[in-house]
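Working notes, beginning with the structure itself.
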Amino acid sequence: MECDKCDRDAVMQAAYSGGHLCETHFCRSVEKRVRRRIRADTLLDPEATPDNPETWVIGLSGGKDSVVLTHILDETFGEDPRIEMLALTIHEGIEGYRDESVDACVELAADLEMRHELVSYEEEFGIRMDDVVEDDPENMAPCAYCGVFRRDLLEEYADEYGADKLLTGHNLDDEAQTALMNILEGDVKQIAKHFDASIGDFEERAEQDDFIPRAKPLRDIPEKEVALYAQLMELPAHITECPHASEAYRGEIQELLWELEENHPGTRHSIMSGYEELAELAADRYGGNDEDNDDLSECEQCGSMTGSRICRKCRLLESIAAV
């Protein structure tokens, strides 16, 4: 089948749009959508200047999503004096899997001549995820532990490196799953926080005094298209699922969305379009005046902001140490 824009062979068909694109036009399409999202979210502060640049920290795991994000950001802003970018990689301590993905991170950062920092659970917390999974003191899915530790280190080190924004490689599938989970759980305040923390236009978000604001420039791109882009551009991505990946509820939502998208192409885009509008309305109601924020204080053990005397990370570390 031919590309809709030229006479070359198409490498993909987008069922949600009916489009057929060759390698060149497909890659251009991905880049165009990411850059459109960057503009729509006002990711670059209009007040940033070469004398007062913004610092963007990119969460680079070595997987397809973060590698594609880092590549496109470098292509777009690598020579822009208003922005300083650095890549931050978290090594969780997963033998084989993470070692190979760290190699991909190092290779990509070297190719792009981008500053790259590596932080590990073992150095920071004295643990390795392989051991946590084996002991499992809280009887939880591995992702429940890992998500807490990763978020903490990304936030801590992004702050240490002076980040104005923290960018992550969440794609359309990731965000549609989160949106549907929040709706099914009926958590309107969480939907408002989602807008203010990571998906809202920076000019419309409530200020985040206690946390570094996040951005997700890939959230309009389906997961399979991210993977195809990484392959066609020959990027050093480690495209393998984590051996400990296990999120039962999210997995159910993922399968549901796959089935809905198969039967009704465009479902993921529709979910996010409506969800982002609803999230903005929820943020107008709860954002900036959320009473929960008044209850935040420093964790007695590590100093991070928490709604409890001791934060979730420190409680988990205590539980792991007690095994």
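Quick note on naming: the chains in the structure tokens go A, B, ... in the order shown, residues restart at 1 in each chain, and ligands are numbered from 1 in order of appearance.
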Show me a table, sorted first by chain and then by increasing residue number, of the residues of region 71-112 of chain A having an atom at most 12 Å from region 33-52 of chain A, each with its shortest atom pair and the distance in Å to one decimal, counting only C-alpha atoms and written as CSV.
residue,atom,partner,partner_atom,distance
A:His71,CA,A:Val34,CA,11.4
A:Ile72,CA,A:Val34,CA,8.0
A:Leu73,CA,A:Arg35,CA,8.7
A:Asp74,CA,A:Arg35,CA,11.7
A:Glu75,CA,A:Arg35,CA,10.5
A:Thr76,CA,A:Arg35,CA,7.9
A:Phe77,CA,A:Leu44,CA,9.9
A:Glu79,CA,A:Pro50,CA,11.0
A:Asp80,CA,A:Pro50,CA,8.2
A:Pro81,CA,A:Pro50,CA,4.8
A:Arg82,CA,A:Pro50,CA,4.6
A:Ile83,CA,A:Pro50,CA,7.7
A:Glu84,CA,A:Pro50,CA,9.6
Take the residues just selected and output them with N, CA and C atoms as a tab-separated table (two decimals), in the first residue's frame.
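Generated file (selection11.tsv):
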chain	number	residue	atom	x	y	z
A	71	HIS	N	15.46	12.17	22.04
A	71	HIS	CA	15.92	12.44	20.66
A	71	HIS	C	15.17	13.61	20.05
A	72	ILE	N	13.84	13.62	20.15
A	72	ILE	CA	13.05	14.69	19.53
A	72	ILE	C	13.29	16.02	20.23
A	73	LEU	N	13.42	16.00	21.55
A	73	LEU	CA	13.72	17.24	22.27
A	73	LEU	C	15.07	17.81	21.85
A	74	ASP	N	16.05	16.93	21.66
A	74	ASP	CA	17.36	17.40	21.23
A	74	ASP	C	17.30	17.95	19.81
A	75	GLU	N	16.55	17.27	18.93
A	75	GLU	CA	16.40	17.75	17.56
A	75	GLU	C	15.73	19.12	17.54
A	76	THR	N	14.80	19.33	18.48
A	76	THR	CA	14.01	20.56	18.49
A	76	THR	C	14.71	21.70	19.22
A	77	PHE	N	15.32	21.38	20.36
A	77	PHE	CA	15.84	22.44	21.22
A	77	PHE	C	17.34	22.33	21.52
A	79	GLU	N	19.96	23.23	20.11
A	79	GLU	CA	20.76	24.43	19.85
A	79	GLU	C	20.11	25.69	20.38
A	80	ASP	N	19.02	25.53	21.14
A	80	ASP	CA	18.29	26.70	21.65
A	80	ASP	C	18.91	27.18	22.95
A	81	PRO	N	19.47	28.38	22.99
A	81	PRO	CA	20.16	28.88	24.19
A	81	PRO	C	19.21	29.19	25.34
A	82	ARG	N	17.91	29.14	25.09
A	82	ARG	CA	16.95	29.41	26.15
A	82	ARG	C	16.68	28.19	27.03
A	83	ILE	N	17.26	27.04	26.63
A	83	ILE	CA	16.99	25.79	27.35
A	83	ILE	C	18.27	25.04	27.60
A	84	GLU	N	18.42	24.54	28.81
A	84	GLU	CA	19.50	23.63	29.16
A	84	GLU	C	18.87	22.28	29.52
Q: With a distance cut-off of 10 Å and only C-alpha atoms, select the neighbouring residues of Leu257 (chain A), excluding the residue or stretch itself and same-chain residues fewer than 4 positions from it, and output the selection as a list of chain:residue names.
A: A:Asp173, A:Ala176, A:Gln177, A:Leu180, A:Gly251, A:Glu252, A:Ile253, A:Glu261, A:Glu262, A:Asn263, A:His264, A:Thr267, A:Arg268
**Q.** Distance criterion (only C-alpha atoms): nearest to Cys146 (chain A) out of A:Tyr121, A:Tyr16, A:Phe211, A:Tyr229
**A.** A:Tyr121
Q. What is the distance between CA of Asp65 (chain A) and CA of Ile191 (chain A), in Å to one decimal?
A.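 Here the two named atoms are 23.3 Å from each other.
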Q) Separation of CA of Val148 (chain A) and CA of Arg315 (chain A), in Å? A)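 For CA of Val148 (chain A) relative to CA of Arg315 (chain A), the distance reads 10.7 Å.
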(Q) I need the residues in region 166-228 of chain A that are helix (DSSP H, G or I) according to DSSP; give them as an NGL selection string. (A) :A and (172-184 or 188-199 or 223-228)
Q) Out of region 50-281 of chain A, which residues get strand (DSSP E or B) from DSSP, as a VMD selection string? A) chain A and resid 52 54 to 59 83 to 91 115 to 120 165 to 167 214 to 215
Q.
Please determine, counting only C-alpha atoms, which residue among A:Asp174, A:Glu23, A:Glu225, A:Glu92 has the shortest atom-to-atom distance to Glu2 (chain A).
A.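 Of A:Asp174, A:Glu23, A:Glu225, A:Glu92, the one nearest Glu2 (chain A), counting only C-alpha atoms, is A:Glu23.
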Q | Val57 (chain A) surroundings by only C-alpha atoms, 10 Å radius, close-in-sequence under 4 positions cut, as number ranges by chain | A | A: 84-88, 115-117, 154-155, 157-159, 161-168, 214
(Q) Please determine, counting only C-alpha atoms, which residue among A:Ile94, A:Ala110, A:Ile183, A:Ala104 has the shortest atom-to-atom distance to Ala279 (chain A). (A) A:Ile183
